[in-house]
Structure formats: structure tokens, C-alpha cells
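As stored in protein31.json (JSON, C-alpha atoms):
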```json
[["chain", "number", "residue", "atom", "x", "y", "z"],
["A", 1, "MET", "CA", 0.80, -20.66, 28.52],
["A", 2, "SER", "CA", 1.70, -23.98, 30.08],
["A", 3, "ILE", "CA", 4.32, -26.44, 28.96],
["A", 4, "THR", "CA", 3.89, -30.10, 29.74],
["A", 5, "SER", "CA", 6.73, -32.51, 29.33],
["A", 6, "ASN", "CA", 8.00, -35.87, 30.47],
["A", 7, "LEU", "CA", 11.42, -34.30, 31.07],
["A", 8, "PRO", "CA", 12.71, -34.05, 34.64],
["A", 9, "ILE", "CA", 12.00, -30.67, 36.28],
["A", 10, "PRO", "CA", 15.55, -29.21, 35.81],
["A", 11, "GLU", "CA", 15.46, -30.01, 32.07],
["A", 12, "ARG", "CA", 11.95, -28.49, 31.72],
["A", 13, "ALA", "CA", 13.25, -25.26, 33.23],
["A", 14, "GLY", "CA", 15.95, -25.20, 30.54],
["A", 15, "VAL", "CA", 13.31, -25.63, 27.82],
["A", 16, "ARG", "CA", 11.27, -22.77, 29.29],
["A", 17, "ALA", "CA", 14.36, -20.54, 29.39],
["A", 18, "LEU", "CA", 15.14, -21.43, 25.79],
["A", 19, "LEU", "CA", 11.57, -20.62, 24.68],
["A", 20, "LEU", "CA", 11.61, -17.35, 26.61],
["A", 21, "ALA", "CA", 14.97, -16.36, 25.12],
["A", 22, "GLY", "CA", 13.76, -17.24, 21.63],
["A", 23, "GLY", "CA", 10.58, -15.24, 22.13],
["A", 24, "LEU", "CA", 12.54, -12.22, 23.35],
["A", 25, "ALA", "CA", 14.93, -12.47, 20.42],
["A", 26, "LEU", "CA", 12.00, -12.61, 17.99],
["A", 27, "ALA", "CA", 10.35, -9.61, 19.65],
["A", 28, "CYS", "CA", 13.60, -7.64, 19.40],
["A", 29, "MET", "CA", 14.00, -8.52, 15.72],
["A", 30, "LEU", "CA", 10.41, -7.54, 14.93],
["A", 31, "GLY", "CA", 10.68, -4.37, 16.97],
["A", 32, "GLY", "CA", 13.90, -3.42, 15.20],
["A", 33, "ALA", "CA", 12.36, -4.10, 11.81],
["A", 34, "HIS", "CA", 9.40, -1.90, 12.66],
["A", 35, "ALA", "CA", 11.61, 0.90, 13.94],
["A", 36, "SER", "CA", 13.74, 0.89, 10.81],
["A", 37, "ALA", "CA", 10.71, 0.84, 8.47],
["A", 38, "GLY", "CA", 10.50, 4.65, 8.62],
["A", 39, "GLU", "CA", 14.17, 4.88, 7.61],
["A", 40, "ARG", "CA", 13.88, 2.84, 4.41],
["A", 41, "GLU", "CA", 13.95, 4.39, 0.96],
["A", 42, "LEU", "CA", 11.05, 4.62, -1.43],
["A", 43, "PRO", "CA", 11.43, 1.84, -4.03],
["A", 44, "ALA", "CA", 11.40, 4.19, -7.01],
["A", 45, "PRO", "CA", 14.45, 5.88, -8.53],
["A", 46, "GLY", "CA", 15.41, 9.49, -7.85],
["A", 47, "LEU", "CA", 13.27, 9.99, -4.76],
["A", 48, "GLY", "CA", 15.86, 10.40, -2.04],
["A", 49, "GLY", "CA", 14.83, 12.57, 0.89],
["A", 50, "TRP", "CA", 11.28, 11.29, 0.93],
["A", 51, "GLY", "CA", 9.73, 9.84, 4.08],
["A", 52, "VAL", "CA", 6.66, 7.94, 5.21],
["A", 53, "VAL", "CA", 3.72, 10.07, 6.37],
["A", 54, "GLY", "CA", 1.72, 7.02, 7.41],
["A", 55, "GLN", "CA", 1.17, 3.36, 6.68],
["A", 56, "GLY", "CA", -1.37, 0.63, 7.20],
["A", 57, "THR", "CA", -2.54, -2.78, 6.11],
["A", 58, "MET", "CA", -5.51, -3.46, 3.84],
["A", 59, "ARG", "CA", -7.35, -6.58, 4.96],
["A", 60, "TRP", "CA", -10.14, -8.60, 3.41],
["A", 61, "PHE", "CA", -12.08, -10.79, 5.85],
["A", 62, "GLY", "CA", -9.13, -10.41, 8.22],
["A", 63, "LEU", "CA", -6.53, -11.58, 5.70],
["A", 64, "PRO", "CA", -3.84, -9.07, 4.74],
["A", 65, "LEU", "CA", -3.94, -8.08, 1.06],
["A", 66, "TYR", "CA", -1.24, -5.42, 1.12],
["A", 67, "ASP", "CA", 0.63, -2.88, 3.18],
["A", 68, "ALA", "CA", 0.31, 0.70, 1.96],
["A", 69, "SER", "CA", 2.61, 3.63, 2.74],
["A", 70, "LEU", "CA", 2.09, 7.29, 1.85],
["A", 71, "TRP", "CA", 5.34, 9.15, 1.09],
["A", 72, "THR", "CA", 6.13, 12.86, 0.74],
["A", 73, "ARG", "CA", 9.31, 14.90, 0.60],
["A", 74, "GLY", "CA", 10.72, 15.05, 4.10],
["A", 75, "ALA", "CA", 7.66, 13.12, 5.39],
["A", 76, "GLU", "CA", 5.72, 16.40, 5.42],
["A", 77, "PRO", "CA", 1.94, 16.14, 5.90],
["A", 78, "TRP", "CA", 0.13, 15.11, 2.71],
["A", 79, "ARG", "CA", -1.33, 17.79, 0.46],
["A", 80, "ALA", "CA", -2.81, 16.84, -2.91],
["A", 81, "GLU", "CA", -1.13, 19.81, -4.60],
["A", 82, "GLN", "CA", 2.36, 18.62, -3.61],
["A", 83, "PRO", "CA", 4.26, 15.58, -4.99],
["A", 84, "PHE", "CA", 3.51, 12.36, -3.14],
["A", 85, "ALA", "CA", 3.80, 8.63, -3.64],
["A", 86, "LEU", "CA", 1.65, 5.71, -2.61],
["A", 87, "GLU", "CA", 3.56, 2.47, -2.13],
["A", 88, "ILE", "CA", 1.72, -0.84, -2.05],
["A", 89, "ARG", "CA", 3.56, -4.00, -0.97],
["A", 90, "TYR", "CA", 1.42, -7.04, -1.71],
["A", 91, "ALA", "CA", 0.99, -9.86, 0.81],
["A", 92, "ARG", "CA", -0.33, -12.32, -1.74],
["A", 93, "SER", "CA", -0.45, -13.02, -5.47],
["A", 94, "ILE", "CA", -3.08, -11.06, -7.39],
["A", 95, "ARG", "CA", -3.68, -11.16, -11.15],
["A", 96, "SER", "CA", -3.32, -7.97, -13.18],
["A", 97, "GLU", "CA", -6.93, -8.16, -14.37],
["A", 98, "ARG", "CA", -8.18, -8.15, -10.78],
["A", 99, "LEU", "CA", -6.03, -5.15, -9.82],
["A", 100, "VAL", "CA", -7.22, -3.19, -12.86],
["A", 101, "GLU", "CA", -10.92, -3.99, -12.39],
["A", 102, "ALA", "CA", -10.85, -3.24, -8.65],
["A", 103, "SER", "CA", -9.20, 0.14, -9.31],
["A", 104, "LEU", "CA", -11.69, 1.09, -12.05],
["A", 105, "ASP", "CA", -14.65, -0.09, -9.95],
["A", 106, "GLU", "CA", -13.56, 2.05, -7.00],
["A", 107, "MET", "CA", -12.97, 5.13, -9.17],
["A", 108, "GLU", "CA", -16.47, 4.66, -10.59],
["A", 109, "ARG", "CA", -18.01, 4.11, -7.14],
["A", 110, "LEU", "CA", -16.51, 7.43, -6.04],
["A", 111, "GLY", "CA", -18.17, 9.12, -9.03],
["A", 112, "LEU", "CA", -14.81, 9.92, -10.64],
["A", 113, "ALA", "CA", -14.84, 7.54, -13.65],
["A", 114, "ASP", "CA", -17.66, 7.23, -16.16],
["A", 115, "ALA", "CA", -17.73, 4.51, -18.84],
["A", 116, "ALA", "CA", -15.63, 6.55, -21.30],
["A", 117, "ARG", "CA", -12.93, 7.28, -18.73],
["A", 118, "ARG", "CA", -12.88, 3.66, -17.58],
["A", 119, "GLU", "CA", -12.12, 2.53, -21.11],
["A", 120, "ARG", "CA", -9.56, 5.30, -21.68],
["A", 121, "TRP", "CA", -7.76, 4.51, -18.40],
["A", 122, "ARG", "CA", -7.91, 0.70, -18.66],
["A", 123, "PRO", "CA", -4.82, 0.32, -20.93],
["A", 124, "LEU", "CA", -2.76, 2.55, -18.62],
["A", 125, "LEU", "CA", -3.73, 0.50, -15.58],
["A", 126, "GLU", "CA", -2.98, -2.73, -17.44],
["A", 127, "ARG", "CA", 0.58, -1.47, -18.04],
["A", 128, "ALA", "CA", 0.88, -0.05, -14.52],
["A", 129, "PHE", "CA", -0.33, -3.18, -12.73],
["A", 130, "PRO", "CA", 1.27, -6.43, -13.80],
["A", 131, "SER", "CA", 0.26, -9.54, -11.90],
["A", 132, "VAL", "CA", 1.95, -9.41, -8.51],
["A", 133, "GLU", "CA", 3.41, -11.99, -6.16],
["A", 134, "ALA", "CA", 3.69, -11.78, -2.38],
["A", 135, "GLY", "CA", 6.39, -9.20, -1.59],
["A", 136, "ASP", "CA", 6.04, -7.27, -4.87],
["A", 137, "THR", "CA", 5.78, -3.51, -4.63],
["A", 138, "ILE", "CA", 3.94, -1.05, -6.87],
["A", 139, "VAL", "CA", 4.48, 2.69, -6.38],
["A", 140, "GLY", "CA", 2.29, 5.42, -7.82],
["A", 141, "LEU", "CA", 4.08, 8.80, -7.91],
["A", 142, "ALA", "CA", 1.82, 11.84, -8.26],
["A", 143, "GLN", "CA", 3.08, 15.23, -9.44],
["A", 144, "PRO", "CA", 1.19, 18.54, -9.05],
["A", 145, "ASP", "CA", 0.82, 18.89, -12.85],
["A", 146, "GLY", "CA", -1.38, 15.75, -12.95],
["A", 147, "ARG", "CA", 1.39, 13.42, -14.07],
["A", 148, "VAL", "CA", 1.39, 9.96, -12.50],
["A", 149, "VAL", "CA", 4.25, 7.49, -12.90],
["A", 150, "PHE", "CA", 3.91, 3.88, -11.77],
["A", 151, "TYR", "CA", 6.79, 1.64, -10.75],
["A", 152, "HIS", "CA", 6.83, -2.13, -10.23],
["A", 153, "ARG", "CA", 9.85, -3.59, -8.43],
["A", 154, "GLY", "CA", 11.55, -0.20, -8.85],
["A", 155, "ALA", "CA", 11.18, -0.02, -12.65],
["A", 156, "PRO", "CA", 8.73, 2.36, -14.40],
["A", 157, "THR", "CA", 5.71, 0.60, -15.94],
["A", 158, "ALA", "CA", 3.40, 3.43, -17.03],
["A", 159, "GLU", "CA", 3.08, 7.20, -17.11],
["A", 160, "LEU", "CA", 0.12, 9.47, -17.75],
["A", 161, "ARG", "CA", -0.42, 13.22, -17.54],
["A", 162, "ASP", "CA", -4.11, 13.44, -16.68],
["A", 163, "ALA", "CA", -5.20, 15.35, -13.56],
["A", 164, "ALA", "CA", -8.63, 13.65, -13.57],
["A", 165, "PHE", "CA", -6.97, 10.22, -13.55],
["A", 166, "ALA", "CA", -4.57, 11.24, -10.77],
["A", 167, "THR", "CA", -7.45, 12.52, -8.63],
["A", 168, "ALA", "CA", -9.60, 9.45, -9.27],
["A", 169, "PHE", "CA", -6.86, 6.89, -8.74],
["A", 170, "PHE", "CA", -5.45, 8.23, -5.47],
["A", 171, "ALA", "CA", -8.99, 8.91, -4.19],
["A", 172, "ILE", "CA", -9.32, 5.14, -3.78],
["A", 173, "TRP", "CA", -7.17, 5.52, -0.64],
["A", 174, "LEU", "CA", -7.14, 9.23, 0.20],
["A", 175, "ASP", "CA", -10.66, 10.53, -0.45],
["A", 176, "PRO", "CA", -12.84, 10.86, 2.68],
["A", 177, "ARG", "CA", -15.38, 8.57, 0.91],
["A", 178, "THR", "CA", -12.90, 5.68, 0.64],
["A", 179, "ARG", "CA", -14.16, 2.20, 1.54],
["A", 180, "GLU", "CA", -11.36, 1.98, 4.11],
["A", 181, "PRO", "CA", -11.46, 5.11, 6.30],
["A", 182, "GLY", "CA", -9.23, 3.50, 8.95],
["A", 183, "LEU", "CA", -6.52, 2.83, 6.38],
["A", 184, "ARG", "CA", -6.90, 6.38, 5.04],
["A", 185, "ALA", "CA", -6.44, 7.78, 8.56],
["A", 186, "ARG", "CA", -3.29, 5.68, 9.09],
["A", 187, "LEU", "CA", -1.87, 6.74, 5.70],
["A", 188, "LEU", "CA", -2.46, 10.40, 6.53],
["A", 189, "GLY", "CA", -1.01, 9.96, 10.00],
["A", 190, "ILE", "CA", -4.24, 10.99, 11.74],
["A", 191, "ASP", "CA", -6.55, 9.19, 14.11],
["A", 192, "ASP", "CA", -9.76, 7.59, 12.83],
["A", 193, "GLU", "CA", -11.87, 10.53, 13.94],
["A", 194, "GLY", "CA", -9.58, 13.12, 12.29]]
```

What does this structure look like when you write it as C-alpha cells?
Amino acid sequence: MSITSNLPIPERAGVRALLLAGGLALACMLGGAHASAGERELPAPGLGGWGVVGQGTMRWFGLPLYDASLWTRGAEPWRAEQPFALEIRYARSIRSERLVEASLDEMERLGLADAARRERWRPLLERAFPSVEAGDTIVGLAQPDGRVVFYHRGAPTAELRDAAFATAFFAIWLDPRTREPGLRARLLGIDDEG
């Protein structure tokens, strides 16, 4: 990087030092924010003691859509038969209808939602997924008995006890056939080949 200026040489050196100091301060702030991300709490009530297994960013044509984090008790490795939560923090505004349709389309693509299930699950997803703004968080909490509870901004929005729904919904991110295998690997805390 080069800096050109009409300032005398001693004053240019001061500008460079100021830019360098500002850059270092920004790097320290970002580094500290990243380091403390694993220490934050899941934005859903009553889930103390949970930790992040893995996290990643979903992008569309290079633009970030959301950050996703997979949570388990004690940040233990994910197992479908144990309680877990998927947290999605949106990077942009998305209408409820789009979130619902995209979820149903992916469940169908994976062979886990026929037309009857799509229509049965649509009202649940409409309650679970309000329109979101940048910074909003939705959490899906899965229990071993097939119960799924959704939270938006920390408040419950929908609940369903349906093991087929739970399997189909979380398969969007966690099934080996997901559209985003790199994101799946990051959520599970494994490398892309694992």
C-alpha cells in the first residue's frame, strides 16, 4: 500500500503511524471478538452450559446470507440422538415467505418432504420464521424425542413434536447430501474431507 500526500515528509510519517496504529487496534478488536465468540451463550432460554461445536457462513454469490453455529451441551461432538441447537444469525433482511419456501424446497430436494408433509409443515415454519432483519437470530433446538422448538430473538415462536420434521429440517445443514458441504464440515468441526 502506498500513501501519497502533499504533506511534508515528517507529517506524512505521522499519518502512516496513525493508520498503522488504527489498523492494529482494529485487528485486536476483531481478534478479541472472534476469540470470545466461543464463550457467548446460546440465545435461547434455559440452555446454560452449551457450547459451539462449529460455525460457518452461508454465502450466495459471495455475499453473506447468515452465520450458522451448531451447539451441544458442553460443546461435545454432534450426534443426532442427543440434544443440539442450530443458531442462524442473519446478515441481511429476508422475508418469512422466502425462509419458509427455501426450507421446504431443501427438505423436498433431500427426499424428506413429500407434498403432504410440505403442507403439514408449512404453518409451523411460518410461525417459526418471521421476516428477519440483519442481526436477527433464529435458533432451532432439537430434542431426542423429535421435539423441535424455535426461538427468534430469544423468544419461542413454534414447537412441534415430529421426528420426521426434525430429521428433515436439520438435514438442510447436517445431512451429507446438503447443498453446502463446506458449511456442514465447519458446523461439525471437521475438515471438508471428513

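Using all atoms listed in the file, the smallest distance between any of A:Thr157, A:Arg120, A:Pro130, A:Thr167 and A:Glu81 comes from A:Thr167.
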
Might you pull out every residue within 6 Å of stretch 148-151 of chain A, with all atoms listed in the file counted and same-chain residues fewer than 4 positions away left off, and present them as a PDB file with C-alpha atoms, in the frame of the given file?
```pdb
ATOM      1  CA  ALA A 128       0.880  -0.050 -14.520  1.00  0.00           C
ATOM      2  CA  ILE A 138       3.940  -1.050  -6.870  1.00  0.00           C
ATOM      3  CA  VAL A 139       4.480   2.690  -6.380  1.00  0.00           C
ATOM      4  CA  GLY A 140       2.290   5.420  -7.820  1.00  0.00           C
ATOM      5  CA  LEU A 141       4.080   8.800  -7.910  1.00  0.00           C
ATOM      6  CA  ALA A 142       1.820  11.840  -8.260  1.00  0.00           C
ATOM      7  CA  ALA A 155      11.180  -0.020 -12.650  1.00  0.00           C
ATOM      8  CA  PRO A 156       8.730   2.360 -14.400  1.00  0.00           C
ATOM      9  CA  THR A 157       5.710   0.600 -15.940  1.00  0.00           C
ATOM     10  CA  ALA A 158       3.400   3.430 -17.030  1.00  0.00           C
ATOM     11  CA  GLU A 159       3.080   7.200 -17.110  1.00  0.00           C
ATOM     12  CA  LEU A 160       0.120   9.470 -17.750  1.00  0.00           C
TER      13      LEU A 160
END
```

- Can you work out the spacing between atom CA of A:Ser131 and atom CA of A:Ala102 in Å, to one decimal?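 Distance reported for this atom pair: 13.2 Å.
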
Taken to one decimal, the atom CA of A:Trp50-atom CA of A:Thr178 distance is 24.8 Å

Restricting to all atoms listed in the file, whichever of A:Leu124, A:Trp60, A:Leu188, A:Pro144 is closest to A:Pro176 is A:Leu188

Students should find that atom CA of A:Gly146 and atom CA of A:Arg95 are spaced 27.1 Å

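If you measure from each of A:Tyr66, A:Trp71, A:Phe165, A:Phe129 to A:Leu86 using only C-alpha atoms, the closest one turns out to be A:Trp71.
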
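Of the listed residues A:Ile94, A:Arg147, A:Phe169, A:Leu125, the one whose atoms come nearest to A:Glu108 is A:Phe169, with distances taken using only C-alpha atoms.
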
### Task
Rank nothing, just name the residue among A:Arg89, A:Arg122, A:Arg179, A:Arg127 nearest to A:Leu110, using only C-alpha atoms.
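Smallest separation from A:Leu110 among the options: A:Arg179.
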
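Among the candidate residues A:Pro77, A:Arg153, A:Thr72, A:Arg59, the one lying nearest to A:Ile190 is A:Pro77, with distances computed using all atoms listed in the file.
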
If we count all atoms listed in the file and set the cut-off at 9 Å, which residues sit around A:Arg118, ignoring sequence neighbours fewer than 6 positions away in its own chain? Please answer as an MDAnalysis selection string. chainID A and resid 104:105 107:108

Requested write-out: C-alpha atoms of the selected residues, as a PDB file, in the coordinates of the input:
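That gives us part00.pdb:
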```
ATOM      1  CA  LEU A 104     -11.690   1.090 -12.050  1.00  0.00           C
ATOM      2  CA  ASP A 105     -14.650  -0.090  -9.950  1.00  0.00           C
ATOM      3  CA  MET A 107     -12.970   5.130  -9.170  1.00  0.00           C
ATOM      4  CA  GLU A 108     -16.470   4.660 -10.590  1.00  0.00           C
TER       5      GLU A 108
END
```
